[in-house]
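Before any comments, here is the structure.
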Amino acid sequence: RASMAHFGQQLKPPVLLVKSDILQFSELPAVKCQDQINQSSLHLASIYSFAMSALNGVVMEIQDCAFPLVQGIVATDNQAVGFKDVNYALMVGAKPRGPGMERGDLLKDNGKIFTETGKYINDHASRDIKVVVVGNPCNTNCLILANQIKDIPKENFTAMTRLDHNRAQHQLADKLGVHTSDIRKIAIFGNHSPTMVPYIDQMTAKNHKATVDQQWVTQTFIPTVQQRGAEIIKARKLSSAASAGNAAMNHITTWVNGTAEGDYTSMAIPSDGSYGVPKGLIFSFPVTVKNGKYSIVQGLPITPFYQGLLDKTIKELVDERNAVDHLLK
Ligand code: LMR
C-alpha cells in the first residue's frame, strides 16, 4: 500500500495533478519491485474534507489510467483510514509560504500538520513504513513527523532532495554536452532550500572523471540549482509539479530497488554525525542504497569551498530545528 497524503487548502496546488501525472508514467507501480509488493493499493489521504471532491477527480484519473498493478484505491479525509497498514508514504503536501509570511510562521503552521500526521502514522501505519516528505520546508517537516514516532525506526523517515539532484544532473549534462544519465557521482548536501550544496567534486560523465570551470560552478551552476524551484514558480505562477512528482517516485523507487553500481543518489535522512552534521538533523547526503537500506557515502573530499557552503546549510537547519524545538520530544 502506498499513501499519498495531501494537505488541503493552499497546498502546493498542483500536487493532486502531479499524482495523476506521475501515475501516467507508471513509476508508482514500479514500487512493486523485489518481491515485496505485487500489486499496490493506493491510499489518497487529505486532511481537509473540502478537498474530497478534487481527490475524487484524481481517483477517476487513476482508474482511467488502467494501471495493471493498482489493486485498489482508497480516498479519504480520515487519516486513520489513510495510513492504515501503509508501507510507503509520499507526503506531497504542506502549507506553502504565502505573501508576507516569515519562515517561522511557515514552520509553525506545518508543525501542527506534521505533528498530527505523525501520530496517525505511529498508530496506524505498517511498522515497516518508509516515508518521504515532499511538502516544504521538507527537511524540518520530516524532523517534526519523525519525532512523533515511537516504534518505527527513525531512518524510515526521509525528505526529498532528489529533485535538486535531478536538476543538478540536467545542468551538468547540458554543460558537458552529454545525456543526463551519463552524469554520475554527484550529490546534494543539506537543506532543500537555497542553501543546499550541489556537490560535484567526484563527478563522472560517461564513466570518466569530469570537471567543469570553477567560475561557472560558483556563478552559474550552484545558484541555478539552488534557485530552480523559485524560477519555476516565477515562470508557471505555480510551484514545480511534474518534476517534483517524478523526483518523489525516483526517491521511493531507488529506496526499494537500490542505486546503480558505482553511483550514488541524494536523500535527506537523519544525520548520524557524518561530515560534521549534527546528529538527528534531516540532512541531505550522498547515499548508496541496497536491499532497501541506504548508507551515507563516506570520505568524499570536502574542500574549504564546500565546507563553507556546508556550514551555511547546517546553520540554517539548526535554526529551523530551534524554531520548532517545542514540537520535538
Ligand atoms: C521546488 O523546489 O520546486 C519547490 O520545493 C519549490 C516550492 O517552494 O514549492
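Numbering starts fresh at 1 for the residues of each chain in the C-alpha cells, the chains themselves are lettered A, B, ... in the order given, and ligands are numbered from 1 as they appear.
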
Self-check item: Surrounding residues as a ChimeraX atom specification, ligand 1, max 8 Å, only C-alpha atoms and all ligand atoms
Solution: /A:12,96-97,134-137,163-164,192-193,227-230,232-233,238-241,243-244

Self-check item: strand (DSSP E or B) positions in segment 59-286 of chain A, given as a count of residues only
Solution: 42

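With only C-alpha atoms as the atoms that count, the residue of A:Met91, A:Ile121, A:Ser41, A:Tyr294 with the shortest distance to Pro68 of chain A is A:Ser41.
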
Pull the closest atom pair for each residue of segment 208-305 of chain A that gets at most 7 Å from segment 174-188 of chain A, along with the distance in Å to one decimal, counting only C-alpha atoms, ordering rows by chain and then ascending residue number, as a Markdown table.
```
| residue | atom | partner | partner_atom | distance |
| --- | --- | --- | --- | --- |
| A:Asp263 | CA | A:Lys185 | CA | 5.4 |
| A:Tyr264 | CA | A:Lys185 | CA | 5.8 |
| A:Thr265 | CA | A:Ala187 | CA | 6.1 |
| A:Ser266 | CA | A:Ala187 | CA | 5.4 |
| A:Ser284 | CA | A:Ile188 | CA | 6.2 |
| A:Phe285 | CA | A:Ile188 | CA | 6.4 |
| A:Pro286 | CA | A:Ala187 | CA | 5.2 |
```

When DSSP is applied to the backbone of this structure, which of segment 68-218 of chain A are assigned helix (DSSP H, G or I)? Write them out as a compact mmCIF listing (two decimals) with N, CA, C and O atoms, in the first residue's frame.
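Printed below is states.txt as written:
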```txt
# COMPACT_ATOMS: atom_id res chain seq x y z
N GLN A 79 -7.43 10.35 8.41
CA GLN A 79 -6.03 9.90 8.36
C GLN A 79 -5.83 8.51 8.95
O GLN A 79 -4.91 7.80 8.58
N ALA A 80 -6.70 8.15 9.87
CA ALA A 80 -6.58 6.80 10.45
C ALA A 80 -6.80 5.76 9.35
O ALA A 80 -6.09 4.75 9.28
N VAL A 81 -7.75 6.03 8.49
CA VAL A 81 -8.01 5.14 7.35
C VAL A 81 -6.89 5.29 6.32
O VAL A 81 -6.36 4.32 5.77
N GLY A 82 -6.50 6.53 6.07
CA GLY A 82 -5.48 6.81 5.07
C GLY A 82 -4.17 6.09 5.35
O GLY A 82 -3.55 5.54 4.45
N ARG A 103 9.55 32.60 7.57
CA ARG A 103 9.82 31.17 7.61
C ARG A 103 9.32 30.54 8.93
O ARG A 103 8.83 29.42 8.97
N GLY A 104 9.43 31.33 9.99
CA GLY A 104 8.97 30.86 11.30
C GLY A 104 7.48 30.55 11.31
O GLY A 104 7.03 29.56 11.89
N ASP A 105 6.67 31.42 10.63
CA ASP A 105 5.22 31.18 10.57
C ASP A 105 4.94 29.89 9.82
O ASP A 105 4.06 29.11 10.18
N LEU A 106 5.70 29.70 8.75
CA LEU A 106 5.53 28.51 7.92
C LEU A 106 5.82 27.26 8.75
O LEU A 106 5.08 26.27 8.71
N LEU A 107 6.89 27.34 9.50
CA LEU A 107 7.26 26.18 10.32
C LEU A 107 6.19 25.91 11.37
O LEU A 107 5.88 24.77 11.68
N LYS A 108 5.60 27.01 11.89
CA LYS A 108 4.58 26.84 12.92
C LYS A 108 3.35 26.13 12.34
O LYS A 108 2.86 25.16 12.90
N ASP A 109 2.88 26.62 11.18
CA ASP A 109 1.68 26.01 10.59
C ASP A 109 1.92 24.56 10.19
O ASP A 109 1.10 23.69 10.42
N ASN A 110 3.06 24.33 9.58
CA ASN A 110 3.35 22.96 9.17
C ASN A 110 3.64 22.07 10.37
O ASN A 110 3.37 20.87 10.34
N GLY A 111 4.18 22.68 11.40
CA GLY A 111 4.44 21.93 12.63
C GLY A 111 3.17 21.26 13.12
O GLY A 111 3.17 20.07 13.47
N LYS A 112 2.08 22.02 13.10
CA LYS A 112 0.79 21.48 13.57
C LYS A 112 0.38 20.29 12.71
O LYS A 112 -0.01 19.24 13.19
N ILE A 113 0.47 20.48 11.39
CA ILE A 113 0.05 19.43 10.45
C ILE A 113 0.88 18.17 10.64
O ILE A 113 0.37 17.06 10.75
N PHE A 114 2.19 18.35 10.70
CA PHE A 114 3.06 17.17 10.73
C PHE A 114 3.08 16.49 12.10
O PHE A 114 3.33 15.29 12.20
N THR A 115 2.78 17.26 13.14
CA THR A 115 2.67 16.64 14.47
C THR A 115 1.48 15.69 14.47
O THR A 115 1.57 14.54 14.91
N GLU A 116 0.36 16.18 13.95
CA GLU A 116 -0.85 15.37 13.96
C GLU A 116 -0.70 14.13 13.06
O GLU A 116 -1.01 13.01 13.44
N THR A 117 -0.16 14.38 11.87
CA THR A 117 0.00 13.26 10.94
C THR A 117 0.96 12.21 11.50
O THR A 117 0.74 11.01 11.32
N GLY A 118 1.99 12.67 12.18
CA GLY A 118 2.93 11.73 12.80
C GLY A 118 2.22 10.78 13.74
O GLY A 118 2.52 9.57 13.79
N LYS A 119 1.26 11.31 14.47
CA LYS A 119 0.52 10.46 15.42
C LYS A 119 -0.28 9.39 14.67
O LYS A 119 -0.35 8.24 15.08
N TYR A 120 -0.88 9.79 13.55
CA TYR A 120 -1.65 8.80 12.77
C TYR A 120 -0.72 7.72 12.21
O TYR A 120 -1.05 6.54 12.20
N ILE A 121 0.44 8.15 11.75
CA ILE A 121 1.38 7.14 11.22
C ILE A 121 1.78 6.20 12.34
O ILE A 121 1.79 4.97 12.19
N ASN A 122 2.09 6.78 13.48
CA ASN A 122 2.52 5.97 14.62
C ASN A 122 1.46 4.94 14.99
O ASN A 122 1.76 3.79 15.30
N ASP A 123 0.19 5.36 14.95
CA ASP A 123 -0.87 4.48 15.44
C ASP A 123 -1.41 3.52 14.38
O ASP A 123 -1.99 2.50 14.73
N HIS A 124 -1.26 3.85 13.10
CA HIS A 124 -1.99 3.07 12.09
C HIS A 124 -1.14 2.46 10.98
O HIS A 124 -1.57 1.50 10.34
N CYS A 138 10.65 20.75 3.74
CA CYS A 138 10.52 19.30 3.88
C CYS A 138 11.47 18.70 4.91
O CYS A 138 11.10 17.75 5.60
N ASN A 139 12.69 19.24 5.02
CA ASN A 139 13.61 18.62 5.99
C ASN A 139 13.06 18.73 7.41
O ASN A 139 13.02 17.75 8.15
N THR A 140 12.61 19.94 7.75
CA THR A 140 12.15 20.15 9.12
C THR A 140 10.76 19.57 9.33
O THR A 140 10.45 19.08 10.42
N ASN A 141 9.92 19.57 8.31
CA ASN A 141 8.64 18.87 8.42
C ASN A 141 8.87 17.40 8.75
O ASN A 141 8.18 16.80 9.57
N CYS A 142 9.86 16.83 8.10
CA CYS A 142 10.19 15.42 8.34
C CYS A 142 10.70 15.21 9.76
O CYS A 142 10.36 14.23 10.43
N LEU A 143 11.50 16.16 10.23
CA LEU A 143 12.02 16.08 11.60
C LEU A 143 10.86 16.06 12.61
O LEU A 143 10.85 15.25 13.55
N ILE A 144 9.89 16.93 12.39
CA ILE A 144 8.73 17.02 13.29
C ILE A 144 7.95 15.71 13.24
O ILE A 144 7.58 15.14 14.27
N LEU A 145 7.72 15.24 12.03
CA LEU A 145 6.97 14.00 11.83
C LEU A 145 7.65 12.83 12.55
O LEU A 145 7.03 12.10 13.32
N ALA A 146 8.93 12.68 12.30
CA ALA A 146 9.67 11.53 12.84
C ALA A 146 9.68 11.57 14.37
O ALA A 146 9.75 10.52 15.02
N LYS A 154 13.73 5.47 13.06
CA LYS A 154 13.84 6.86 12.58
C LYS A 154 14.36 6.93 11.14
O LYS A 154 14.02 7.84 10.39
N GLU A 155 15.19 5.94 10.78
CA GLU A 155 15.77 6.01 9.43
C GLU A 155 14.72 5.78 8.33
O GLU A 155 15.01 5.95 7.15
N ASN A 156 13.51 5.40 8.72
CA ASN A 156 12.44 5.24 7.72
C ASN A 156 11.80 6.57 7.34
O ASN A 156 10.90 6.61 6.52
N ARG A 162 15.85 14.68 -4.10
CA ARG A 162 16.10 14.05 -5.40
C ARG A 162 15.78 15.03 -6.53
O ARG A 162 16.41 14.99 -7.60
N LEU A 163 14.83 15.93 -6.29
CA LEU A 163 14.51 16.92 -7.31
C LEU A 163 15.73 17.81 -7.56
O LEU A 163 16.08 18.12 -8.71
N ASP A 164 16.40 18.20 -6.50
CA ASP A 164 17.60 19.04 -6.64
C ASP A 164 18.72 18.25 -7.33
O ASP A 164 19.46 18.78 -8.14
N HIS A 165 18.82 16.98 -6.97
CA HIS A 165 19.80 16.10 -7.59
C HIS A 165 19.55 16.01 -9.10
O HIS A 165 20.46 16.17 -9.92
N ASN A 166 18.29 15.80 -9.46
CA ASN A 166 17.94 15.70 -10.88
C ASN A 166 18.21 17.02 -11.61
O ASN A 166 18.67 17.04 -12.75
N ARG A 167 17.91 18.11 -10.90
CA ARG A 167 18.16 19.43 -11.51
C ARG A 167 19.65 19.62 -11.77
O ARG A 167 20.06 20.12 -12.82
N ALA A 168 20.47 19.23 -10.81
CA ALA A 168 21.92 19.35 -10.96
C ALA A 168 22.40 18.50 -12.14
O ALA A 168 23.21 18.93 -12.96
N GLN A 169 21.86 17.29 -12.19
CA GLN A 169 22.24 16.37 -13.27
C GLN A 169 21.95 17.00 -14.63
O GLN A 169 22.76 16.93 -15.55
N HIS A 170 20.80 17.60 -14.74
CA HIS A 170 20.44 18.22 -16.02
C HIS A 170 21.40 19.36 -16.37
O HIS A 170 21.90 19.45 -17.51
N GLN A 171 21.66 20.24 -15.41
CA GLN A 171 22.55 21.39 -15.69
C GLN A 171 23.93 20.92 -16.14
O GLN A 171 24.52 21.48 -17.06
N LEU A 172 24.43 19.88 -15.48
CA LEU A 172 25.78 19.40 -15.79
C LEU A 172 25.81 18.70 -17.14
O LEU A 172 26.75 18.88 -17.93
N ALA A 173 24.77 17.92 -17.41
CA ALA A 173 24.72 17.22 -18.70
C ALA A 173 24.67 18.24 -19.83
O ALA A 173 25.36 18.10 -20.86
N ASP A 174 23.91 19.28 -19.61
CA ASP A 174 23.77 20.32 -20.62
C ASP A 174 25.12 21.00 -20.85
O ASP A 174 25.55 21.22 -21.99
N LYS A 175 25.80 21.29 -19.77
CA LYS A 175 27.10 21.97 -19.87
C LYS A 175 28.13 21.10 -20.59
O LYS A 175 28.92 21.57 -21.41
N LEU A 176 28.10 19.79 -20.28
CA LEU A 176 29.11 18.89 -20.83
C LEU A 176 28.70 18.28 -22.17
O LEU A 176 29.46 17.51 -22.76
N THR A 180 21.72 13.24 -19.49
CA THR A 180 21.65 13.27 -18.01
C THR A 180 22.09 11.95 -17.39
O THR A 180 22.74 11.94 -16.34
N SER A 181 21.74 10.84 -18.04
CA SER A 181 22.09 9.54 -17.45
C SER A 181 23.59 9.26 -17.49
O SER A 181 24.07 8.32 -16.87
N ASP A 182 24.35 10.09 -18.23
CA ASP A 182 25.81 9.92 -18.27
C ASP A 182 26.48 10.56 -17.05
O ASP A 182 27.66 10.34 -16.79
N GLN A 214 35.45 26.27 -12.65
CA GLN A 214 35.02 26.63 -11.29
C GLN A 214 34.19 27.92 -11.26
O GLN A 214 33.26 28.05 -10.47
N GLN A 215 34.51 28.83 -12.15
CA GLN A 215 33.74 30.07 -12.19
C GLN A 215 32.27 29.79 -12.58
O GLN A 215 31.34 30.36 -12.01
N TRP A 216 32.12 28.89 -13.54
CA TRP A 216 30.76 28.51 -13.93
C TRP A 216 30.05 27.82 -12.76
O TRP A 216 28.86 28.07 -12.51
N VAL A 217 30.81 27.00 -12.01
CA VAL A 217 30.22 26.30 -10.87
C VAL A 217 29.69 27.30 -9.85
O VAL A 217 28.54 27.21 -9.40
N THR A 218 30.52 28.28 -9.49
CA THR A 218 30.11 29.20 -8.41
C THR A 218 29.10 30.24 -8.89
O THR A 218 28.18 30.57 -8.17
```
